[in-house]
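Below: one structure, written as structure tokens.
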Amino acid sequence: ILSEGKMTEILVQKHIQEAAYNLNKTNERPLNFAVGQHLSTVLAAMNVSQKDFETSLRYFSEHPQMLNRIYDEVINELNRMQAKSAARK
């Protein structure tokens with residue numbers, strides 16, 4: 001099982017990739033394909049296998065308090081990143 005911190009990192013990057021895709025999507029590829037590709041890219045960059053991610057996601061889904069903590073931190077991190085980006089403009 002991945003740590004809560006590692007799961008948070010993966011989900012933050014996954015949501016960033018999805019947002020970037022949605023901002024720049026084309027009609028050439030269906031969204032489901034692109035989202036799956038983004039997750040694979042994120043997992044590869046973090047040296048995490050698809051199986052380990054899925055096992056961990058299933059585990060955290062069965063422990064809602066843990067999953068809520070992870071997503072609270074994902075939201076906090078995305079908000080921090082957005083604020084930092086806005087401050088640079």
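FYI, nothing fancy with the structure tokens labels: chains A, B, ... in order, residues from 1 per chain, ligands from 1 as they appear.
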Might you pull out every residue within 12 Å of Met81 in chain A, with only C-alpha atoms counted and same-chain residues fewer than 5 positions away left off, and present them as a PyMOL selection string?
chain A and resi 12-13+16+74-76+86-88
Report as a ChimeraX atom specification all protein, DNA and RNA residues lying within 9 Å of Leu11 in chain A, evaluated on only C-alpha atoms, omitting residues in the same chain fewer than 2 positions from it.
/A:6-9,13-16,39,42,70-71,74
Hey, can you check how far CA of Gly5 in chain A sits from CA of Asn79 in chain A?
16.6 Å
Which is closest to Phe53 in chain A among A:Leu67, A:Leu2, A:Ala20, A:Ala83, if we use only C-alpha atoms?
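Smallest separation from Phe53 in chain A among the options: A:Leu2.
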In Å, how far is it from CA of Thr55 in chain A to CA of Tyr21 in chain A?
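It comes out at 25.7 Å.
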